[in-house]
Amino acid sequence: MKAYERLLNYVKVFTTSDDDSESVPSSARQFDLAEMLVKEMKSIGIADAHVDDKCYVYGSIPATPGYEDKPAIGFIAHMDTAPDFNGNGVKPRIIADYDGGDVKLGESGRYLRNADFPHLASLKGRTLIVTDGTSLLGADDKAGIAEIMTAAERIINENIPHGRLLVAFTPDEEVGRGADHFDVEHFGADFAYTVDGGQENIIEYENFNAAGAHVEVNGFNVHPGSAKNIMINALLVAMEFNNMLPSGDTPRDTEKYEGFFHLCDMSGNCEKAVMDYIIRDHSEGMMLARKATMEHIEKLLNEKYGAGTVKLTIKDQYRNMIEKIKPCFHLIENACEAVRDLGLEPEIEAIRGGTDGARLSFMGLPCPNLGTGGYAYHGPYEHITVDGMDIAADIILGIIAKYAK
């Protein structure tokens, strides 16, 4: 079965995770795909395929006789889709020999336009898969699952020599919990790759350092007619806090290795206001400076309005995986060689976000990220090509071959 055919089957299953849920997994519907995958894995020869009680799917392919001493390599993708946009009732459309132009997305009133996505022209002649504009596609990361499954099936059916191979599919990546209950020891890989990126020739081994910042502002509310030098309007202090941050350090104004402060949510009244930020930077030093900036603003405002007016709480979320990948840089070298073997030039990019692989790297499993061939994730404009998926599966096979030598 081709990778895209698997994708078309997987996107029928509603697996959106739930950021507001405290259950594990965050949405029980993720088990529907997990059980489907276990059945499929067993059918292609992964005899020990299973799903645990937290919705993590695991399976292994024993080493070819004589290759038992080779590194055990794992491949990981996530089953959930992002809660940013509707993930139910996905109706993909296949466009053969795509002309590189704008595409009408069903009757939704939406169009996939070159003006918004300039890379579309480079996909001319390929077979394009798009949505009908009413849902996301789910290629993030069901394409990764499909490509891993396709590579695994070929390894088994074509008797391709290999060391021990491990496969895992995780829940809740999109709500930041994909590695929470991942059993690294049970998985049994020496090294692994997540298959959860964009363009198929892109390899990623750097990501943001990440933290969340919660700001509480306690005001003092009195009648506005007699408020002179008494009232402390929590909303205005909250705005003052935000205005003291560097105005150009927002997601809209930054790219590549540039970090940012992102105000995600703000609510309140004169008496009390709350703001939630995410803080991101690839540089550990700059990340410390960003935290220090917020702490300094907290100090200044409390000196101005009184102790306890502003309370800042910063919690680290994940770290840049580069420090864990550098000591085993063969992961990147072998991936680059696998891309070049297919006549493509690998592109190394830093992730302006995080992956399960970032956290897994700090859990003892070095885990850079490979592309799936998809674009414009998390919304109705999501698209991917059949050709890109084939290449992504071939890159996985190429990496396996490198480690079998």
# chains A, B, ... in the order shown; residues from 1 in each chain; ligands from 1
$ residues_around --residues "A:Ile76" --least-positions-apart "4" --cutoff "10 Å" --atoms "only C-alpha atoms" --output "NGL selection string"
:A and (57-58 or 144-145 or 148 or 166-170 or 192-196 or 356-357 or 367 or 369)
$ residues_around --residues "stretch 312-320 of chain A" --least-positions-apart "6" --cutoff "9 Å" --atoms "only C-alpha atoms" --output "list in words"
Gly176, Tyr205, Glu206, Asn207, Phe208, Asn209, Ala210, Ala211, Gly212, Ala213, His214, Val215, Glu216, Val217, Asp281, His282, Ser283, Glu284, Lys291, Met294, Glu295, Glu298, Gly354, Ala358, Arg359 and Phe362 of chain A
$ select_by_dssp --residues "stretch 211-278 of chain A" --states "strand (DSSP E or B)" --output "PyMOL selection string"
chain A and resi 211-218+220+232+260-268+272-278
$ write_last_selection --atoms "N, CA and C atoms" --output "compact mmCIF listing (two decimals), in the first residue's frame"
# COMPACT_ATOMS: atom_id res chain seq x y z
N ALA A 211 9.03 28.44 27.63
CA ALA A 211 8.48 28.62 28.97
C ALA A 211 7.12 29.30 28.86
N GLY A 212 6.32 29.13 29.88
CA GLY A 212 5.05 29.84 29.98
C GLY A 212 5.13 30.83 31.12
N ALA A 213 4.55 32.00 30.94
CA ALA A 213 4.55 33.03 31.97
C ALA A 213 3.11 33.41 32.30
N HIS A 214 2.78 33.36 33.58
CA HIS A 214 1.45 33.73 34.06
C HIS A 214 1.59 35.00 34.90
N VAL A 215 0.86 36.03 34.54
CA VAL A 215 0.95 37.32 35.23
C VAL A 215 -0.40 37.63 35.86
N GLU A 216 -0.38 37.82 37.18
CA GLU A 216 -1.58 38.24 37.91
C GLU A 216 -1.38 39.69 38.38
N VAL A 217 -2.37 40.51 38.10
CA VAL A 217 -2.30 41.90 38.54
C VAL A 217 -3.46 42.16 39.51
N ASN A 218 -3.11 42.57 40.70
CA ASN A 218 -4.11 42.87 41.73
C ASN A 218 -4.29 44.38 41.84
N PHE A 220 -6.71 47.99 42.84
CA PHE A 220 -7.39 48.55 44.00
C PHE A 220 -8.52 49.41 43.46
N ILE A 232 -5.91 51.68 41.67
CA ILE A 232 -4.94 50.98 40.82
C ILE A 232 -5.76 50.11 39.88
N PHE A 260 10.78 35.36 20.93
CA PHE A 260 9.67 36.29 21.12
C PHE A 260 8.98 36.09 22.46
N PHE A 261 8.17 37.09 22.83
CA PHE A 261 7.16 37.01 23.87
C PHE A 261 5.81 36.99 23.16
N HIS A 262 4.95 36.06 23.52
CA HIS A 262 3.64 35.98 22.85
C HIS A 262 2.53 36.03 23.90
N LEU A 263 1.77 37.13 23.88
CA LEU A 263 0.62 37.26 24.77
C LEU A 263 -0.53 36.42 24.19
N CYS A 264 -0.84 35.32 24.88
CA CYS A 264 -1.85 34.38 24.37
C CYS A 264 -3.25 34.70 24.86
N ASP A 265 -3.33 35.24 26.09
CA ASP A 265 -4.65 35.43 26.67
C ASP A 265 -4.57 36.56 27.68
N MET A 266 -5.64 37.36 27.75
CA MET A 266 -5.71 38.46 28.72
C MET A 266 -7.17 38.62 29.13
N SER A 267 -7.41 38.73 30.41
CA SER A 267 -8.78 38.92 30.89
C SER A 267 -8.73 39.68 32.22
N GLY A 268 -9.86 40.23 32.60
CA GLY A 268 -9.90 40.88 33.89
C GLY A 268 -10.81 42.09 33.95
N LYS A 272 -8.89 43.02 39.14
CA LYS A 272 -7.91 41.96 38.92
C LYS A 272 -7.80 41.68 37.43
N ALA A 273 -6.57 41.44 36.97
CA ALA A 273 -6.33 41.09 35.57
C ALA A 273 -5.33 39.95 35.51
N VAL A 274 -5.46 39.14 34.47
CA VAL A 274 -4.58 37.99 34.28
C VAL A 274 -4.10 37.97 32.84
N MET A 275 -2.82 37.70 32.66
CA MET A 275 -2.26 37.54 31.31
C MET A 275 -1.43 36.26 31.27
N ASP A 276 -1.50 35.57 30.13
CA ASP A 276 -0.68 34.38 29.92
C ASP A 276 0.16 34.56 28.67
N TYR A 277 1.45 34.31 28.82
CA TYR A 277 2.41 34.43 27.73
C TYR A 277 3.09 33.09 27.48
N ILE A 278 3.58 32.92 26.26
CA ILE A 278 4.62 31.93 26.03
C ILE A 278 5.88 32.68 25.64
$ select_by_dssp --residues "stretch 109-316 of chain A" --states "helix (DSSP H, G or I)" --output "PDB file with C-alpha atoms, in the first residue's frame"
ATOM      1  CA  PRO A 118       4.443  30.823  -2.708  1.00  0.00           C
ATOM      2  CA  HIS A 119       5.848  27.276  -2.577  1.00  0.00           C
ATOM      3  CA  LEU A 120       2.787  25.995  -4.465  1.00  0.00           C
ATOM      4  CA  ALA A 121       4.458  26.693  -7.816  1.00  0.00           C
ATOM      5  CA  SER A 122       7.226  24.233  -6.891  1.00  0.00           C
ATOM      6  CA  LEU A 123       4.607  21.469  -6.535  1.00  0.00           C
ATOM      7  CA  ALA A 139      -1.376  15.160   7.615  1.00  0.00           C
ATOM      8  CA  ASP A 140       0.106  16.522  10.842  1.00  0.00           C
ATOM      9  CA  ASP A 141       0.898  13.884  11.774  1.00  0.00           C
ATOM     10  CA  LYS A 142      -1.025  11.089  10.102  1.00  0.00           C
ATOM     11  CA  ALA A 143       1.278  11.507   7.111  1.00  0.00           C
ATOM     12  CA  GLY A 144       4.195  10.640   9.393  1.00  0.00           C
ATOM     13  CA  ILE A 145       2.349   7.540  10.590  1.00  0.00           C
ATOM     14  CA  ALA A 146       1.593   6.520   6.994  1.00  0.00           C
ATOM     15  CA  GLU A 147       5.206   6.952   5.919  1.00  0.00           C
ATOM     16  CA  ILE A 148       6.570   4.946   8.852  1.00  0.00           C
ATOM     17  CA  MET A 149       4.040   2.174   8.226  1.00  0.00           C
ATOM     18  CA  THR A 150       4.855   2.088   4.515  1.00  0.00           C
ATOM     19  CA  ALA A 151       8.589   1.896   5.201  1.00  0.00           C
ATOM     20  CA  ALA A 152       8.028  -0.850   7.792  1.00  0.00           C
ATOM     21  CA  GLU A 153       5.930  -2.894   5.367  1.00  0.00           C
ATOM     22  CA  ARG A 154       8.626  -2.629   2.692  1.00  0.00           C
ATOM     23  CA  ILE A 155      11.367  -3.619   5.149  1.00  0.00           C
ATOM     24  CA  ILE A 156       9.452  -6.790   5.980  1.00  0.00           C
ATOM     25  CA  ASN A 157       8.145  -7.685   2.510  1.00  0.00           C
ATOM     26  CA  GLU A 173       1.454  15.852  20.897  1.00  0.00           C
ATOM     27  CA  GLU A 174      -0.595  18.826  19.761  1.00  0.00           C
ATOM     28  CA  VAL A 175      -1.414  19.794  23.346  1.00  0.00           C
ATOM     29  CA  VAL A 184      11.661   5.063  26.622  1.00  0.00           C
ATOM     30  CA  GLU A 185      12.995   1.890  28.242  1.00  0.00           C
ATOM     31  CA  HIS A 186      10.147  -0.238  26.925  1.00  0.00           C
ATOM     32  CA  PHE A 187      10.540   1.289  23.460  1.00  0.00           C
ATOM     33  CA  PRO A 224     -13.747  56.768  40.091  1.00  0.00           C
ATOM     34  CA  GLY A 225     -15.015  60.087  41.403  1.00  0.00           C
ATOM     35  CA  SER A 226     -12.685  59.894  44.410  1.00  0.00           C
ATOM     36  CA  ALA A 234      -5.456  46.205  37.152  1.00  0.00           C
ATOM     37  CA  LEU A 235      -6.222  46.306  33.431  1.00  0.00           C
ATOM     38  CA  LEU A 236      -4.085  49.409  32.929  1.00  0.00           C
ATOM     39  CA  VAL A 237      -1.216  47.916  34.938  1.00  0.00           C
ATOM     40  CA  ALA A 238      -1.455  44.773  32.826  1.00  0.00           C
ATOM     41  CA  MET A 239      -1.230  46.900  29.684  1.00  0.00           C
ATOM     42  CA  GLU A 240       1.736  48.729  31.201  1.00  0.00           C
ATOM     43  CA  PHE A 241       3.447  45.397  31.873  1.00  0.00           C
ATOM     44  CA  ASN A 242       2.987  44.350  28.248  1.00  0.00           C
ATOM     45  CA  ASN A 243       4.133  47.724  26.915  1.00  0.00           C
ATOM     46  CA  PRO A 251       5.672  36.187  16.630  1.00  0.00           C
ATOM     47  CA  ARG A 252       4.523  38.535  13.865  1.00  0.00           C
ATOM     48  CA  ASP A 253       7.848  40.375  13.853  1.00  0.00           C
ATOM     49  CA  GLU A 284      19.633  29.407  26.247  1.00  0.00           C
ATOM     50  CA  GLY A 285      21.345  32.673  27.180  1.00  0.00           C
ATOM     51  CA  MET A 286      18.689  34.763  25.445  1.00  0.00           C
ATOM     52  CA  MET A 287      15.986  32.671  27.089  1.00  0.00           C
ATOM     53  CA  LEU A 288      17.423  33.502  30.509  1.00  0.00           C
ATOM     54  CA  ALA A 289      17.516  37.171  29.492  1.00  0.00           C
ATOM     55  CA  ARG A 290      13.855  37.081  28.442  1.00  0.00           C
ATOM     56  CA  LYS A 291      12.831  35.634  31.798  1.00  0.00           C
ATOM     57  CA  ALA A 292      14.962  38.240  33.571  1.00  0.00           C
ATOM     58  CA  THR A 293      13.260  40.998  31.570  1.00  0.00           C
ATOM     59  CA  MET A 294       9.831  39.912  32.787  1.00  0.00           C
ATOM     60  CA  GLU A 295      11.082  39.580  36.355  1.00  0.00           C
ATOM     61  CA  HIS A 296      12.529  43.106  36.178  1.00  0.00           C
ATOM     62  CA  ILE A 297       9.212  44.499  34.939  1.00  0.00           C
ATOM     63  CA  GLU A 298       7.453  42.746  37.836  1.00  0.00           C
ATOM     64  CA  LYS A 299       9.911  44.398  40.257  1.00  0.00           C
ATOM     65  CA  LEU A 300       9.486  47.890  38.762  1.00  0.00           C
ATOM     66  CA  LEU A 301       5.690  47.773  38.801  1.00  0.00           C
ATOM     67  CA  ASN A 302       5.588  46.518  42.383  1.00  0.00           C
ATOM     68  CA  GLU A 303       7.908  49.337  43.378  1.00  0.00           C
ATOM     69  CA  LYS A 304       5.597  51.787  41.603  1.00  0.00           C
ATOM     70  CA  TYR A 305       2.196  50.486  42.755  1.00  0.00           C
TER      71      TYR A 305
END
$ atom_distance --atom1 "atom CA of A:Thr15" --atom2 "atom CA of A:Asp53"
16.4 Å
$ residues_around --residues "A:Leu370" --least-positions-apart "6" --cutoff "10 Å" --atoms "only C-alpha atoms" --output "PDB file with N, CA and C atoms, in the first residue's frame"
ATOM      1  N   PHE A  75      11.299   5.056  15.022  1.00  0.00           N
ATOM      2  CA  PHE A  75      10.589   6.081  14.261  1.00  0.00           C
ATOM      3  C   PHE A  75       9.254   6.331  14.953  1.00  0.00           C
ATOM      4  N   GLY A 144       3.032  11.282   8.789  1.00  0.00           N
ATOM      5  CA  GLY A 144       4.195  10.640   9.393  1.00  0.00           C
ATOM      6  C   GLY A 144       3.922   9.191   9.736  1.00  0.00           C
ATOM      7  N   TYR A 193      13.930   8.946  15.422  1.00  0.00           N
ATOM      8  CA  TYR A 193      13.526  10.126  14.657  1.00  0.00           C
ATOM      9  C   TYR A 193      12.016  10.291  14.819  1.00  0.00           C
ATOM     10  N   THR A 194      11.568  11.510  15.062  1.00  0.00           N
ATOM     11  CA  THR A 194      10.157  11.807  14.862  1.00  0.00           C
ATOM     12  C   THR A 194       9.974  12.155  13.389  1.00  0.00           C
ATOM     13  N   VAL A 195       8.847  11.742  12.828  1.00  0.00           N
ATOM     14  CA  VAL A 195       8.515  12.072  11.434  1.00  0.00           C
ATOM     15  C   VAL A 195       7.307  12.994  11.518  1.00  0.00           C
ATOM     16  N   ASP A 196       7.596  14.286  11.687  1.00  0.00           N
ATOM     17  CA  ASP A 196       6.540  15.232  12.066  1.00  0.00           C
ATOM     18  C   ASP A 196       6.848  16.637  11.544  1.00  0.00           C
ATOM     19  N   GLY A 197       7.630  16.717  10.454  1.00  0.00           N
ATOM     20  CA  GLY A 197       8.005  18.018   9.928  1.00  0.00           C
ATOM     21  C   GLY A 197       7.249  18.369   8.664  1.00  0.00           C
ATOM     22  N   GLY A 198       7.766  19.357   7.951  1.00  0.00           N
ATOM     23  CA  GLY A 198       7.112  19.842   6.748  1.00  0.00           C
ATOM     24  C   GLY A 198       7.714  19.246   5.493  1.00  0.00           C
ATOM     25  N   GLN A 199       8.276  20.080   4.649  1.00  0.00           N
ATOM     26  CA  GLN A 199       8.837  19.659   3.365  1.00  0.00           C
ATOM     27  C   GLN A 199       9.738  18.436   3.554  1.00  0.00           C
ATOM     28  N   GLU A 200       9.654  17.492   2.626  1.00  0.00           N
ATOM     29  CA  GLU A 200      10.251  16.175   2.824  1.00  0.00           C
ATOM     30  C   GLU A 200      11.770  16.153   2.975  1.00  0.00           C
ATOM     31  N   ASN A 201      12.471  17.137   2.439  1.00  0.00           N
ATOM     32  CA  ASN A 201      13.938  17.136   2.520  1.00  0.00           C
ATOM     33  C   ASN A 201      14.473  17.944   3.700  1.00  0.00           C
ATOM     34  N   ILE A 202      13.581  18.400   4.565  1.00  0.00           N
ATOM     35  CA  ILE A 202      14.002  19.202   5.714  1.00  0.00           C
ATOM     36  C   ILE A 202      14.305  18.302   6.912  1.00  0.00           C
ATOM     37  N   ILE A 203      15.410  18.604   7.577  1.00  0.00           N
ATOM     38  CA  ILE A 203      15.831  17.880   8.776  1.00  0.00           C
ATOM     39  C   ILE A 203      15.981  18.906   9.894  1.00  0.00           C
ATOM     40  N   GLU A 204      15.426  18.592  11.054  1.00  0.00           N
ATOM     41  CA  GLU A 204      15.408  19.559  12.154  1.00  0.00           C
ATOM     42  C   GLU A 204      15.994  18.935  13.417  1.00  0.00           C
ATOM     43  N   TYR A 205      16.945  19.631  14.018  1.00  0.00           N
ATOM     44  CA  TYR A 205      17.485  19.150  15.279  1.00  0.00           C
ATOM     45  C   TYR A 205      17.692  20.284  16.283  1.00  0.00           C
ATOM     46  N   ILE A 332      22.108  13.174  12.176  1.00  0.00           N
ATOM     47  CA  ILE A 332      21.892  14.195  11.154  1.00  0.00           C
ATOM     48  C   ILE A 332      22.658  13.852   9.888  1.00  0.00           C
ATOM     49  N   ALA A 335      20.834  11.107   8.013  1.00  0.00           N
ATOM     50  CA  ALA A 335      19.607  11.617   7.396  1.00  0.00           C
ATOM     51  C   ALA A 335      19.930  12.455   6.168  1.00  0.00           C
ATOM     52  N   ALA A 392       9.429  10.866   1.517  1.00  0.00           N
ATOM     53  CA  ALA A 392       9.618  10.775   2.968  1.00  0.00           C
ATOM     54  C   ALA A 392       9.780   9.327   3.405  1.00  0.00           C
ATOM     55  N   ILE A 395      13.202   8.174   2.440  1.00  0.00           N
ATOM     56  CA  ILE A 395      14.232   8.710   3.339  1.00  0.00           C
ATOM     57  C   ILE A 395      14.334   7.841   4.587  1.00  0.00           C
ATOM     58  N   ILE A 396      13.202   7.426   5.134  1.00  0.00           N
ATOM     59  CA  ILE A 396      13.215   6.524   6.285  1.00  0.00           C
ATOM     60  C   ILE A 396      13.967   5.240   5.943  1.00  0.00           C
TER      61      ILE A 396
END
$ atom_distance --atom1 "atom CA of A:Asp32" --atom2 "atom CA of A:Thr16"
11.4 Å
$ decode --residues "stretch 106-193 of chain A" --atoms "C-alpha atoms" --output "PDB file, in the first residue's frame"
ATOM      1  CA  GLY A 106     -14.768  22.867  -1.924  1.00  0.00           C
ATOM      2  CA  GLU A 107     -17.698  25.197  -1.315  1.00  0.00           C
ATOM      3  CA  SER A 108     -16.162  26.698   1.818  1.00  0.00           C
ATOM      4  CA  GLY A 109     -15.300  29.995   0.151  1.00  0.00           C
ATOM      5  CA  ARG A 110     -11.630  29.360   0.871  1.00  0.00           C
ATOM      6  CA  TYR A 111      -8.847  29.126  -1.690  1.00  0.00           C
ATOM      7  CA  LEU A 112      -5.333  27.760  -1.512  1.00  0.00           C
ATOM      8  CA  ARG A 113      -3.553  30.689  -3.143  1.00  0.00           C
ATOM      9  CA  ASN A 114      -0.034  31.217  -4.423  1.00  0.00           C
ATOM     10  CA  ALA A 115      -0.152  34.691  -2.914  1.00  0.00           C
ATOM     11  CA  ASP A 116      -0.375  33.109   0.537  1.00  0.00           C
ATOM     12  CA  PHE A 117       1.719  30.005  -0.136  1.00  0.00           C
ATOM     13  CA  PRO A 118       4.443  30.823  -2.708  1.00  0.00           C
ATOM     14  CA  HIS A 119       5.848  27.276  -2.577  1.00  0.00           C
ATOM     15  CA  LEU A 120       2.787  25.995  -4.465  1.00  0.00           C
ATOM     16  CA  ALA A 121       4.458  26.693  -7.816  1.00  0.00           C
ATOM     17  CA  SER A 122       7.226  24.233  -6.891  1.00  0.00           C
ATOM     18  CA  LEU A 123       4.607  21.469  -6.535  1.00  0.00           C
ATOM     19  CA  LYS A 124       3.509  21.742 -10.172  1.00  0.00           C
ATOM     20  CA  GLY A 125       3.206  18.316 -11.802  1.00  0.00           C
ATOM     21  CA  ARG A 126       2.790  16.492  -8.507  1.00  0.00           C
ATOM     22  CA  THR A 127      -0.358  14.863  -7.129  1.00  0.00           C
ATOM     23  CA  LEU A 128      -1.729  17.285  -4.549  1.00  0.00           C
ATOM     24  CA  ILE A 129      -4.001  16.409  -1.618  1.00  0.00           C
ATOM     25  CA  VAL A 130      -6.074  19.248  -0.136  1.00  0.00           C
ATOM     26  CA  THR A 131      -9.068  19.706   2.161  1.00  0.00           C
ATOM     27  CA  ASP A 132     -12.541  20.917   1.259  1.00  0.00           C
ATOM     28  CA  GLY A 133     -11.927  23.986   3.418  1.00  0.00           C
ATOM     29  CA  THR A 134     -14.183  22.895   6.294  1.00  0.00           C
ATOM     30  CA  SER A 135     -11.561  20.951   8.238  1.00  0.00           C
ATOM     31  CA  LEU A 136      -7.853  20.486   8.558  1.00  0.00           C
ATOM     32  CA  LEU A 137      -6.398  17.537   6.637  1.00  0.00           C
ATOM     33  CA  GLY A 138      -4.637  15.722   9.464  1.00  0.00           C
ATOM     34  CA  ALA A 139      -1.376  15.160   7.615  1.00  0.00           C
ATOM     35  CA  ASP A 140       0.106  16.522  10.842  1.00  0.00           C
ATOM     36  CA  ASP A 141       0.898  13.884  11.774  1.00  0.00           C
ATOM     37  CA  LYS A 142      -1.025  11.089  10.102  1.00  0.00           C
ATOM     38  CA  ALA A 143       1.278  11.507   7.111  1.00  0.00           C
ATOM     39  CA  GLY A 144       4.195  10.640   9.393  1.00  0.00           C
ATOM     40  CA  ILE A 145       2.349   7.540  10.590  1.00  0.00           C
ATOM     41  CA  ALA A 146       1.593   6.520   6.994  1.00  0.00           C
ATOM     42  CA  GLU A 147       5.206   6.952   5.919  1.00  0.00           C
ATOM     43  CA  ILE A 148       6.570   4.946   8.852  1.00  0.00           C
ATOM     44  CA  MET A 149       4.040   2.174   8.226  1.00  0.00           C
ATOM     45  CA  THR A 150       4.855   2.088   4.515  1.00  0.00           C
ATOM     46  CA  ALA A 151       8.589   1.896   5.201  1.00  0.00           C
ATOM     47  CA  ALA A 152       8.028  -0.850   7.792  1.00  0.00           C
ATOM     48  CA  GLU A 153       5.930  -2.894   5.367  1.00  0.00           C
ATOM     49  CA  ARG A 154       8.626  -2.629   2.692  1.00  0.00           C
ATOM     50  CA  ILE A 155      11.367  -3.619   5.149  1.00  0.00           C
ATOM     51  CA  ILE A 156       9.452  -6.790   5.980  1.00  0.00           C
ATOM     52  CA  ASN A 157       8.145  -7.685   2.510  1.00  0.00           C
ATOM     53  CA  GLU A 158      11.331  -6.925   0.596  1.00  0.00           C
ATOM     54  CA  ASN A 159      13.666  -8.518   3.157  1.00  0.00           C
ATOM     55  CA  ILE A 160      15.779  -5.356   3.363  1.00  0.00           C
ATOM     56  CA  PRO A 161      18.685  -5.939   5.801  1.00  0.00           C
ATOM     57  CA  HIS A 162      18.320  -3.939   9.002  1.00  0.00           C
ATOM     58  CA  GLY A 163      19.153  -3.725  12.671  1.00  0.00           C
ATOM     59  CA  ARG A 164      16.377  -3.828  15.244  1.00  0.00           C
ATOM     60  CA  LEU A 165      13.650  -1.320  14.370  1.00  0.00           C
ATOM     61  CA  LEU A 166      11.155   0.254  16.734  1.00  0.00           C
ATOM     62  CA  VAL A 167       7.901   2.027  15.902  1.00  0.00           C
ATOM     63  CA  ALA A 168       5.767   4.186  18.196  1.00  0.00           C
ATOM     64  CA  PHE A 169       2.693   6.353  17.720  1.00  0.00           C
ATOM     65  CA  THR A 170       1.819   8.817  20.465  1.00  0.00           C
ATOM     66  CA  PRO A 171      -1.289  10.719  21.606  1.00  0.00           C
ATOM     67  CA  ASP A 172      -1.590  14.370  22.634  1.00  0.00           C
ATOM     68  CA  GLU A 173       1.454  15.852  20.897  1.00  0.00           C
ATOM     69  CA  GLU A 174      -0.595  18.826  19.761  1.00  0.00           C
ATOM     70  CA  VAL A 175      -1.414  19.794  23.346  1.00  0.00           C
ATOM     71  CA  GLY A 176       2.191  19.401  24.489  1.00  0.00           C
ATOM     72  CA  ARG A 177       1.787  16.087  26.306  1.00  0.00           C
ATOM     73  CA  GLY A 178       2.983  13.581  23.713  1.00  0.00           C
ATOM     74  CA  ALA A 179       6.062  12.543  25.668  1.00  0.00           C
ATOM     75  CA  ASP A 180       4.452  12.635  29.127  1.00  0.00           C
ATOM     76  CA  HIS A 181       3.947   8.878  29.364  1.00  0.00           C
ATOM     77  CA  PHE A 182       6.306   7.636  26.658  1.00  0.00           C
ATOM     78  CA  ASP A 183       8.143   4.560  27.977  1.00  0.00           C
ATOM     79  CA  VAL A 184      11.661   5.063  26.622  1.00  0.00           C
ATOM     80  CA  GLU A 185      12.995   1.890  28.242  1.00  0.00           C
ATOM     81  CA  HIS A 186      10.147  -0.238  26.925  1.00  0.00           C
ATOM     82  CA  PHE A 187      10.540   1.289  23.460  1.00  0.00           C
ATOM     83  CA  GLY A 188      14.114   0.027  23.390  1.00  0.00           C
ATOM     84  CA  ALA A 189      15.695   2.271  20.753  1.00  0.00           C
ATOM     85  CA  ASP A 190      19.254   3.582  20.933  1.00  0.00           C
ATOM     86  CA  PHE A 191      18.288   6.546  18.753  1.00  0.00           C
ATOM     87  CA  ALA A 192      15.079   7.672  17.073  1.00  0.00           C
ATOM     88  CA  TYR A 193      13.526  10.126  14.657  1.00  0.00           C
TER      89      TYR A 193
END
